[in-house]
Amino acid sequence: MSGDAVMEGILGGIKVLELAQAPSGAFCAKLLADQGAQTIKVEPPGWGDPSRNEPPFVGGEPHPDRSTTFLALNTNKRGISLDLEQAAGRSLLLKLVSESDVVVESFAPGYLEHLGLGYDALRSVNPGVILVSITYFGQNGPYANYKGDDLIAQAMGGYLYAVTGPADKPPMGTALQQMELTGGRNGVIAVMAALLQRDGTGEGTHIDVSVMEAAIATPSMLIQSYGYLGRNPRRGAGDKFVMDGMHLPTRDGEVSLTTAGTGGRPMEVWSEFLGEPRLLDPKFGTRQSRNDNWEELRDLVAPKLSQWNNLDLMRETMARGLVIGLVQSPEQVASSPHLAERGYFVELDHPEVGALKYPGPGFFIDGVNPMQAGRAAPRLGEHNVEIYCDRLGLSTDELSRLRAARTI
Amino acid sequence: MSAPLLDGIRVLTLEQVHALPWGTAFLADLGAQVIRIESVAHLQDRKAGPFPNGKAGPEWWNEGANLAYFGTRNKQSLCLDVTKPAGKEVFLKLVEKCDIVTDNFRPGTMRRLGFDHESLAQVNPRIISLSSTAYGHTGPWSRAGSRARTIDSVCGMSYLTGFEGGPSVRASNNYMDHSTGNNVAYALLLALYRRKRTGKGMRIDLSMQETGVSCIGPAILEAQRGMGRPRLGCSHLWKAPHNVYPCAGSDRWITIAVASDAEWGALKQAMGAPAWAQDARYDSARSRWEHRHELDSKLAEWTATQDDKTLARSLQAQGVCAGAVMTAADLVSDAHLKQREFIQTIERAGGQRPYAGRPFRIPGVSMAIRHAADLGEHNESVLRDLAGLSRDDINALAAEGVIAQQPRAEERAP
């Protein structure tokens with residue numbers, strides 16, 4: 001019953017056009033597509049989305065359909081090629097816009113206006129259209145035309161200075177384009193709000209998302225802490241937290257401990273669990289004294305932990321209500337018995353890379369994983385015939401002419 | 001002025017710490033009536049601060065910055081002991097009038113309280129429930145608890161983070177709270193959207209670990225094909241130079257990210273075309289990447305004497321992708337953010353407090369902090385207007401200690 005409705009896709013009635021040239025926009029559109037939105041990725045003919053060239057590639061050698069970044073960011077989309085620099089391309093785009101609910105783009109600010117495809121132009125063919133512009137610095141302001149990438153967003157968003165890595169080293173940075181993804185995650189919240197608003201008004205809107213601002217909001221308390229404490233949050237604040245965050249070796253990996261679940265008696269509980277009575281020494285009795293004596297504490301805790309296998313440690317700490325963090329490799333995550341039992345990963349087949357398990361959205365509805373198991377990332381122009389002929393009614397002759405003119 | 005976007009939507013939330021409160025705050029911003037149920041037996045969030053100048057004041061329970069920024073941001077506070085029969089009865093009365101119930105207890109707690117989805121649906125068949133937990137409600141690890149930093153480890157993020165050739169490092173203390181909270185907001189808005197069309201409520205089981213794994217998609221695909229992903233610090237898998245470089249002053253840095261031959265040419269120009277940079281080894285992207293370590297040290301020599309912000313501005317003007325490493329103080333006074341009105345202020349705890357706005361703008365939709373609720377501030381209005389209790393009923397609940405507006409006498413200040 002309700003499970004079936006989920007399987008059809010919550011956003012099954014929504015049509016999305018994605019003109020993304022950056023991972024933020026691609027991820028935003030993917031989150032919508034994974035919930036069933038009928039999503040068309042529009043790419044420039046010839047080279048396509050730049051992330052098609054992003055290494056590594058399944059099989060090792062560069063190939064436009066085998067980039068793991070591209071594959072991960074473009075599930076459940078159809079793909080067409082279209083040259084927006086040509087008038088014929090623009091008029092095809094407007095035809096698609098006229099029957100779309102949401103357009104996601106991540107071009108430099110002003111580029112769509114320059115082409116005559118700004119929000120006003122889109123609205124004139126479809127007053128209900130929701131345009132989402134996700135850029136590094138937003139649509140206005142002195143930095144609007146700056147170049148950006150994930151690292152630049154981390155830096156200018158305060159994340160790089162404040163968050164990752166030890167206190168005594170240069171800023172370290174966070175892997176895998178997290179600022180781009182955070183921009184995309186904020187983007188879908190805004191899209192859903194706009195869709196609900198449109199239910200009432202029938203009117204579309206133009207949403208401006210800034211990846212730099214997403215980066216600032218990401219350590220949550222960056223600005224607030226400064227406002228209350230008058231000092232800059234800085235990376236490395238937890239460098240000496242043996243009992244609360246330090247990575248410590250186990251027999252087959254690493255783990256971080258916490259004092260959570262110890263009923264306010266962390267050293268008593270961990271001393272008993274690890275079989276190390278010296279942890280009861282008063283010099284480890286408070287958070288401050290544990291920091292002051294952190295190397296000594298680490299040298300007592302580490303040998304005990306190194307006798308454990310990760311999965312055994314997880315099972316036994318869980319049974320006692322303790323909270324730990326296994327430092328899992330992506331291989332361990334991909335083969336996790338827990339995630340397998342939950343049905344978290346969704347397998348999608350792809351002609352170039354075969355069947356792979358893709359991460360789900362992270363929530364289940366009435367026990368069902370709502371991620372659509374529709375299709376893996378599209379090949380460049382894969383759905384040209386389906387979209388241009390079947391949906392827009394172009395003849396195969398017209399399609400050939402567009403192809404010859406490199407419009408598609 | 002039209003009604004707020006989620007006007008009329010009511011959320012009851014049994015929430016603590018960070019991830020779920022961060023998520024429900026989006027709905028509160030959008031105009032939903034979000035009623036945060038609090039308990040004088042569990043005031044950790046109100047003790048968490050940070051407090052003005054690091055000192056908890058006489059009314060510490062209403063002074064913390066976390067509360068204002070996301071804990072009770074645009075929400076209402078109902079301080080109600082739902083473990084007492086009278087409190088449970090009131091809670092279920094409220095469920096009748098609400099659209100969404102959220103919690104972030106460990107799995108099983110809501111059932112013990114009598115608030116599992118089936119029980120809520122008996123009271124209100126259209127109810128949407130969302131449970132935000134570490135590992136979800138099913139599977140062998142469902143009973144385990146978490147902190148955002150342990151999720152950073154267990155989802156694979158920490159493993160991928162670190163300097164080139166160095167050990168694994170936690171990416172962040174609370175990125176996973178934040179991502180989970182964003183995912184909560186997305187899931188709840190999807191649920192409201194779906195219920196509008198089907199009329200049906202639903203049960204949402206949201207997992208922090210799984211939200212974390214969804215942040216490292218490429219690495220999950222690579223792992224299935226035996227492809228290891230190296231830790232690279234601020235370096236990049238193919239761009240070079242791409243790193244953080246020292247600038248004049250203490251702990252000042254600039255990031256530079258060269259993605260093309262043209263940008264490398266622009267950077268060479270900006271440096272004044274030094275002889276070392278003309279080396280043919282730096283002509284192609286692949287070769288630049290192979291020689292990235294020497295490129296990085298050469299660039300660092302050039303940046304080390306320069307002002308971070310001046311240099312970043314100058315490089316951008318010359319077509320080089322660059323950005324200063326900003327501190328919170330830099331951001332609060334940043335001209336770009338000022339013009340975009342991103343840094344806003346609220347009057348709170350005896351001062352004007354700056355805060356970061358939402359990173360998106362929807363015309364006509366305010367996402368500002370309009371209010372942060374004091375402990376139990378909305379006891380009376382919620383119980384009277386929503387639960388339909390009389391003044392006598394409310395007084396009786398207060399006398400029995402089922403509702404409260406202050407910590408207990410024996411409660412210690414943080």
# chains A, B, ... in the order shown; residues from 1 in each chain; ligands from 1
>>> interface_residues(of="chain A", to="chain B", cutoff="6 Å", atoms="only C-alpha atoms", output="PyMOL selection string")
chain A and resi 10+68-69+72+141-142+147-148+152+155-156+158+163-164+172-175+189+197+207-210+213-214+223-224+227-229+232+318+323+325-331+338+341-342+359+362-366
>>> residues_around(residues="Glu203 of chain A", least_positions_apart="5", cutoff="7 Å", atoms="only C-alpha atoms", output="list in words")
Pro127, Gly128 and Arg198 of chain A
>>> select_by_dssp(residues="segment 7-233 of chain A", states="helix (DSSP H, G or I)", output="VMD selection string")
chain A and resid 7 to 8 23 to 34 50 to 53 68 to 73 87 to 98 111 to 114 119 to 125 150 to 156 159 to 162 178 to 201 211 to 217 222 to 229
>>> atom_distance(atom1="atom CA of Val101 of chain B", atom2="atom CA of Gly31 of chain B")
16.2 Å
>>> atom_distance(atom1="atom CA of Arg391 of chain A", atom2="atom CA of Leu96 of chain A")
9.1 Å
>>> residues_around(residues="segment 379-385 of chain A", least_positions_apart="2", cutoff="9 Å", atoms="only C-alpha atoms", output="ChimeraX atom specification")
/A:40,42-49,64-65,78-82,352,377,387-391,394,396,399,408
